[in-house]
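Source file: coords-v7.cif; contents: mmCIF, C-alpha atoms and all ligand atoms.
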data_structure
loop_
_atom_site.group_PDB
_atom_site.id
_atom_site.type_symbol
_atom_site.label_atom_id
_atom_site.label_comp_id
_atom_site.auth_asym_id
_atom_site.auth_seq_id
_atom_site.Cartn_x
_atom_site.Cartn_y
_atom_site.Cartn_z
ATOM 1 C CA MET A 1499 0.000 0.000 0.000
ATOM 2 C CA ARG A 1500 2.602 2.474 1.085
ATOM 3 C CA LYS A 1501 4.685 1.541 -1.944
ATOM 4 C CA LEU A 1502 1.755 2.257 -4.255
ATOM 5 C CA ALA A 1503 1.211 5.690 -2.759
ATOM 6 C CA ALA A 1504 4.872 6.486 -3.202
ATOM 7 C CA LEU A 1505 4.687 5.330 -6.799
ATOM 8 C CA SER A 1506 1.708 7.504 -7.643
ATOM 9 C CA ILE A 1507 3.430 10.507 -6.090
ATOM 10 C CA LEU A 1508 6.436 9.700 -8.222
ATOM 11 C CA ALA A 1509 4.191 9.415 -11.297
ATOM 12 C CA VAL A 1510 2.735 12.864 -10.673
ATOM 13 C CA PHE A 1511 6.213 14.224 -10.181
ATOM 14 C CA LEU A 1512 7.444 12.626 -13.403
ATOM 15 C CA SER A 1513 4.534 13.826 -15.498
ATOM 16 C CA ALA A 1514 5.051 17.334 -14.164
ATOM 17 C CA CYS A 1515 8.653 17.131 -15.344
ATOM 18 C CA GLY A 1516 7.456 15.678 -18.634
ATOM 19 C CA SER A 1517 6.150 19.029 -19.774
ATOM 20 C CA ARG A 1518 9.657 20.423 -20.009
ATOM 21 C CA PRO A 1519 10.848 20.995 -23.567
ATOM 22 C CA ALA A 1520 13.920 18.822 -22.970
ATOM 23 C CA GLN A 1521 11.910 15.616 -23.290
ATOM 24 C CA ALA A 1522 13.467 13.303 -25.859
ATOM 25 C CA GLN A 1523 11.681 12.631 -29.110
ATOM 26 C CA VAL A 1524 11.282 8.919 -29.732
ATOM 27 C CA VAL A 1525 12.527 7.648 -33.099
ATOM 28 C CA PRO A 1526 11.719 3.970 -33.726
ATOM 29 C CA ILE A 1527 14.164 2.439 -36.207
ATOM 30 C CA GLU A 1528 13.913 -1.023 -37.747
ATOM 31 C CA LEU A 1529 16.764 -3.069 -39.160
ATOM 32 C CA THR A 1530 15.790 -5.717 -41.684
ATOM 33 C CA GLU A 1531 17.340 -7.644 -44.584
ATOM 34 C CA PHE A 1532 18.475 -5.362 -46.028
ATOM 35 C CA ALA A 1533 17.123 -1.985 -45.142
ATOM 36 C CA ILE A 1534 17.072 0.579 -42.359
ATOM 37 C CA ASP A 1535 13.656 2.013 -41.734
ATOM 38 C CA THR A 1536 13.436 5.412 -40.049
ATOM 39 C CA PRO A 1537 10.243 7.444 -39.615
ATOM 40 C CA ILE A 1538 12.234 10.690 -39.729
ATOM 41 C CA SER A 1539 14.981 11.724 -42.126
ATOM 42 C CA GLU A 1540 15.417 15.292 -40.949
ATOM 43 C CA PHE A 1541 16.681 15.970 -37.458
ATOM 44 C CA LYS A 1542 17.383 19.143 -35.534
ATOM 45 C CA VAL A 1543 20.529 20.263 -33.767
ATOM 46 C CA GLY A 1544 19.981 20.460 -30.016
ATOM 47 C CA THR A 1545 16.858 18.283 -29.893
ATOM 48 C CA PRO A 1546 17.314 15.207 -27.718
ATOM 49 C CA TYR A 1547 16.295 12.062 -29.613
ATOM 50 C CA ARG A 1548 15.690 8.628 -28.221
ATOM 51 C CA PHE A 1549 16.546 6.113 -30.927
ATOM 52 C CA VAL A 1550 14.728 2.854 -30.301
ATOM 53 C CA ILE A 1551 16.590 0.522 -32.628
ATOM 54 C CA SER A 1552 15.054 -2.891 -33.169
ATOM 55 C CA ASN A 1553 15.987 -5.859 -35.273
ATOM 56 C CA PRO A 1554 12.862 -7.725 -36.412
ATOM 57 C CA GLY A 1555 14.986 -9.426 -39.072
ATOM 58 C CA ALA A 1556 16.338 -12.948 -39.241
ATOM 59 C CA ILE A 1557 20.067 -12.280 -38.796
ATOM 60 C CA ASN A 1558 22.335 -10.038 -36.730
ATOM 61 C CA HIS A 1559 22.797 -6.415 -37.697
ATOM 62 C CA GLU A 1560 24.722 -3.463 -36.366
ATOM 63 C CA PHE A 1561 23.734 0.170 -36.307
ATOM 64 C CA VAL A 1562 26.087 3.022 -37.049
ATOM 65 C CA LEU A 1563 25.371 6.712 -37.176
ATOM 66 C CA MET A 1564 28.056 8.790 -38.829
ATOM 67 C CA SER A 1565 28.524 11.820 -41.034
ATOM 68 C CA GLU A 1566 28.627 11.324 -44.794
ATOM 69 C CA GLY A 1567 32.313 12.236 -44.784
ATOM 70 C CA GLN A 1568 33.074 9.374 -42.412
ATOM 71 C CA VAL A 1569 31.051 6.968 -44.534
ATOM 72 C CA HIS A 1570 33.073 7.969 -47.579
ATOM 73 C CA ASP A 1571 36.292 7.386 -45.663
ATOM 74 C CA MET A 1572 35.125 3.900 -44.778
ATOM 75 C CA SER A 1573 33.838 2.916 -48.207
ATOM 76 C CA GLY A 1574 36.742 4.670 -49.906
ATOM 77 C CA GLU A 1575 39.034 1.858 -48.773
ATOM 78 C CA SER A 1576 37.132 -0.736 -50.746
ATOM 79 C CA SER A 1577 36.331 1.301 -53.857
ATOM 80 C CA GLU A 1578 38.574 3.409 -56.104
ATOM 81 C CA GLY A 1579 41.530 4.900 -54.293
ATOM 82 C CA ASP A 1580 40.710 8.540 -54.881
ATOM 83 C CA HIS A 1581 43.451 9.910 -52.634
ATOM 84 C CA SER A 1582 43.646 13.134 -54.570
ATOM 85 C CA GLU A 1583 40.104 14.125 -53.617
ATOM 86 C CA MET A 1584 39.567 16.977 -51.223
ATOM 87 C CA GLY A 1585 37.908 14.597 -48.792
ATOM 88 C CA ALA A 1586 41.334 13.635 -47.531
ATOM 89 C CA THR A 1587 42.408 17.151 -46.605
ATOM 90 C CA GLU A 1588 39.041 17.880 -45.062
ATOM 91 C CA THR A 1589 38.841 14.864 -42.767
ATOM 92 C CA GLU A 1590 42.460 14.400 -41.740
ATOM 93 C CA GLY A 1591 42.555 17.605 -39.726
ATOM 94 C CA ALA A 1592 40.461 18.927 -36.879
ATOM 95 C CA ALA A 1593 37.160 17.637 -38.253
ATOM 96 C CA GLY A 1594 37.641 14.227 -36.672
ATOM 97 C CA GLU A 1595 37.084 15.375 -33.133
ATOM 98 C CA HIS A 1596 33.938 17.278 -33.991
ATOM 99 C CA ASP A 1597 32.425 14.304 -35.707
ATOM 100 C CA MET A 1598 32.980 11.972 -32.759
ATOM 101 C CA ALA A 1599 30.220 13.793 -30.884
ATOM 102 C CA ASN A 1600 27.808 13.109 -33.717
ATOM 103 C CA MET A 1601 28.285 9.419 -34.230
ATOM 104 C CA PHE A 1602 27.576 6.201 -32.410
ATOM 105 C CA HIS A 1603 27.808 2.506 -33.032
ATOM 106 C CA VAL A 1604 25.665 -0.301 -31.675
ATOM 107 C CA ASP A 1605 27.522 -3.584 -31.986
ATOM 108 C CA GLN A 1606 25.852 -6.547 -33.644
ATOM 109 C CA SER A 1607 26.151 -8.504 -30.376
ATOM 110 C CA GLN A 1608 23.435 -6.202 -28.999
ATOM 111 C CA LEU A 1609 21.258 -6.475 -32.087
ATOM 112 C CA ASN A 1610 20.470 -10.149 -32.464
ATOM 113 C CA PRO A 1611 17.158 -10.919 -34.179
ATOM 114 C CA GLY A 1612 14.368 -9.716 -31.901
ATOM 115 C CA SER A 1613 16.576 -7.336 -29.918
ATOM 116 C CA THR A 1614 15.939 -3.673 -29.228
ATOM 117 C CA VAL A 1615 18.512 -1.094 -28.141
ATOM 118 C CA THR A 1616 17.689 2.408 -26.966
ATOM 119 C CA ILE A 1617 20.184 5.230 -27.454
ATOM 120 C CA GLU A 1618 19.797 8.862 -26.450
ATOM 121 C CA HIS A 1619 21.462 11.203 -28.876
ATOM 122 C CA THR A 1620 21.509 14.949 -29.468
ATOM 123 C CA PHE A 1621 23.112 16.287 -32.627
ATOM 124 C CA THR A 1622 25.494 19.189 -32.079
ATOM 125 C CA GLU A 1623 26.299 19.910 -35.706
ATOM 126 C CA ALA A 1624 24.164 20.334 -38.808
ATOM 127 C CA GLY A 1625 25.034 18.364 -41.918
ATOM 128 C CA GLU A 1626 24.456 15.212 -43.906
ATOM 129 C CA TYR A 1627 24.588 11.939 -41.991
ATOM 130 C CA GLU A 1628 23.851 8.299 -42.586
ATOM 131 C CA PHE A 1629 22.555 5.348 -40.683
ATOM 132 C CA GLY A 1630 24.265 2.199 -41.822
ATOM 133 C CA CYS A 1631 24.962 -1.453 -41.133
ATOM 134 C CA PHE A 1632 28.541 -2.282 -42.056
ATOM 135 C CA LEU A 1633 28.469 -6.029 -41.632
ATOM 136 C CA PRO A 1634 29.984 -7.538 -44.786
ATOM 137 C CA GLY A 1635 27.699 -6.888 -47.738
ATOM 138 C CA HIS A 1636 24.852 -5.313 -45.781
ATOM 139 C CA TYR A 1637 25.527 -1.651 -46.584
ATOM 140 C CA ALA A 1638 25.917 -2.433 -50.287
ATOM 141 C CA ALA A 1639 22.688 -4.466 -50.203
ATOM 142 C CA GLY A 1640 20.787 -1.402 -49.037
ATOM 143 C CA MET A 1641 21.191 -1.283 -45.263
ATOM 144 C CA MET A 1642 21.629 2.445 -45.087
ATOM 145 C CA ALA A 1643 19.507 5.563 -44.790
ATOM 146 C CA LYS A 1644 20.569 9.108 -45.527
ATOM 147 C CA ILE A 1645 19.461 11.705 -43.024
ATOM 148 C CA SER A 1646 20.089 15.375 -42.637
ATOM 149 C CA VAL A 1647 20.498 17.490 -39.541
ATOM 150 C CA VAL A 1648 19.351 21.078 -39.685
ATOM 151 C CA PRO A 1649 20.240 23.943 -37.337
HETATM 152 CU CU CU B 1701 22.959 -5.643 -41.368
#

Let's see the structure in the file written out as structure tokens.
Amino acid sequence: MRKLAALSILAVFLSACGSRPAQAQVVPIELTEFAIDTPISEFKVGTPYRFVISNPGAINHEFVLMSEGQVHDMSGESSEGDHSEMGATETEGAAGEHDMANMFHVDQSQLNPGSTVTIEHTFTEAGEYEFGCFLPGHYAAGMMAKISVVP
């Protein structure tokens, strides 16, 4: 009884807090063979998002959020060696540290079929980003989604 009363007081307290603008926006994301399904493709800098990443598929997947520049760096290794491109000068310098704040990786060990992982993330920088699964062959098969982040 006493526990219940305490809980309902807590519930009132929580719902009062819930009206604050800082409440995270829930973004349910589904990983399947071979696609990444997101209900939103445009995000805002400074808005807290709660990514609820689930794998209703039949095999393991991973989930990576990174900027388009980082994706190009990764895929650049396997495709044509365009070392002369300006991408190299742009990413080798100070940009790396910035980007670390705007990326995350959920390992495939956490995303077995049927699993769900929740990640809170707030973008600090506008730009073009991608969701992707980089298990061998998955990205190329279509497991990616381009998103943009606006100020
Ligand atoms: Cu995958």

Atom CA of Ser1565 of chain A to atom CA of Leu1529 of chain A, straight-line distance in Å: 19.1 Å

Residue nearest Phe1632 of chain A - candidates A:Met1598, A:Val1550, A:Val1524, A:Val1562, atoms counted: only C-alpha atoms: A:Val1562

Residues within 8 Å of ligand CU 1701 (chain B), counting only C-alpha atoms and all ligand atoms, as a list in words: Leu1529, Thr1530, Glu1531, Phe1532, Ala1533, Ile1557, Asn1558, His1559, Glu1560, Phe1561, Gly1630, Cys1631, Phe1632, Leu1633, His1636, Tyr1637 and Met1641 of chain A

For the PyMOL selection byres (((chain A and resi 1528) around 8) and not hetatm), applied here, can you spell out every residue it catches as a PDB file with C-alpha atoms, in the coordinates of the input?
ATOM      1  CA  PRO A1526      11.719   3.970 -33.726  1.00  0.00           C
ATOM      2  CA  ILE A1527      14.164   2.439 -36.207  1.00  0.00           C
ATOM      3  CA  LEU A1529      16.764  -3.069 -39.160  1.00  0.00           C
ATOM      4  CA  THR A1530      15.790  -5.717 -41.684  1.00  0.00           C
ATOM      5  CA  ILE A1534      17.072   0.579 -42.359  1.00  0.00           C
ATOM      6  CA  ASP A1535      13.656   2.013 -41.734  1.00  0.00           C
ATOM      7  CA  THR A1536      13.436   5.412 -40.049  1.00  0.00           C
ATOM      8  CA  ILE A1551      16.590   0.522 -32.628  1.00  0.00           C
ATOM      9  CA  SER A1552      15.054  -2.891 -33.169  1.00  0.00           C
ATOM     10  CA  ASN A1553      15.987  -5.859 -35.273  1.00  0.00           C
ATOM     11  CA  PRO A1554      12.862  -7.725 -36.412  1.00  0.00           C
TER      12      PRO A1554
END

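Coordinates place atom CA of Met1572 of chain A at a distance of 25.5 Å from atom CA of Tyr1547 of chain A.
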
Surrounding residues of segment 1622-1627 of chain A excluding itself and chain neighbours under 2 positions, 6 Å, all atoms listed in the file, as a PyMOL selection string: chain A and resi 1543+1564-1566+1645-1649

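Between atom CA of Ser1613 of chain A and atom CA of Ser1539 of chain A lies a distance of 22.7 Å.
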
Which residues, written as a JSON list (two decimals) with C-alpha atoms, in the coordinates of the input, have at least one atom at most 7 Å from Leu1563 of chain A, with all atoms listed in the file counted and residues fewer than 5 positions away on the same chain left out?
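Just written: selection_23.json:
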[["chain", "number", "residue", "atom", "x", "y", "z"],
["A", 1601, "MET", "CA", 28.28, 9.42, -34.23],
["A", 1602, "PHE", "CA", 27.58, 6.20, -32.41],
["A", 1603, "HIS", "CA", 27.81, 2.51, -33.03],
["A", 1628, "GLU", "CA", 23.85, 8.30, -42.59],
["A", 1629, "PHE", "CA", 22.56, 5.35, -40.68],
["A", 1630, "GLY", "CA", 24.26, 2.20, -41.82]]

Output of the PyMOL selection byres (((chain A and resi 1545) around 9) and not hetatm), listed as a list in words: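 That selection, the PyMOL selection byres (((chain A and resi 1545) around 9) and not hetatm), comes back as Ala1520, Gln1521, Ala1522, Gln1523, Phe1541, Lys1542, Val1543, Gly1544, Pro1546, Tyr1547, His1619, Thr1620, Phe1621 and Thr1622 of chain A.
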
For the residues in the current selection, export C-alpha atoms as a tab-separated table (two decimals), keeping the file's coordinate frame.
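Writing the result to result21.tsv gives the following:
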chain	number	residue	atom	x	y	z
A	1520	ALA	CA	13.92	18.82	-22.97
A	1521	GLN	CA	11.91	15.62	-23.29
A	1522	ALA	CA	13.47	13.30	-25.86
A	1523	GLN	CA	11.68	12.63	-29.11
A	1541	PHE	CA	16.68	15.97	-37.46
A	1542	LYS	CA	17.38	19.14	-35.53
A	1543	VAL	CA	20.53	20.26	-33.77
A	1544	GLY	CA	19.98	20.46	-30.02
A	1546	PRO	CA	17.31	15.21	-27.72
A	1547	TYR	CA	16.30	12.06	-29.61
A	1619	HIS	CA	21.46	11.20	-28.88
A	1620	THR	CA	21.51	14.95	-29.47
A	1621	PHE	CA	23.11	16.29	-32.63
A	1622	THR	CA	25.49	19.19	-32.08
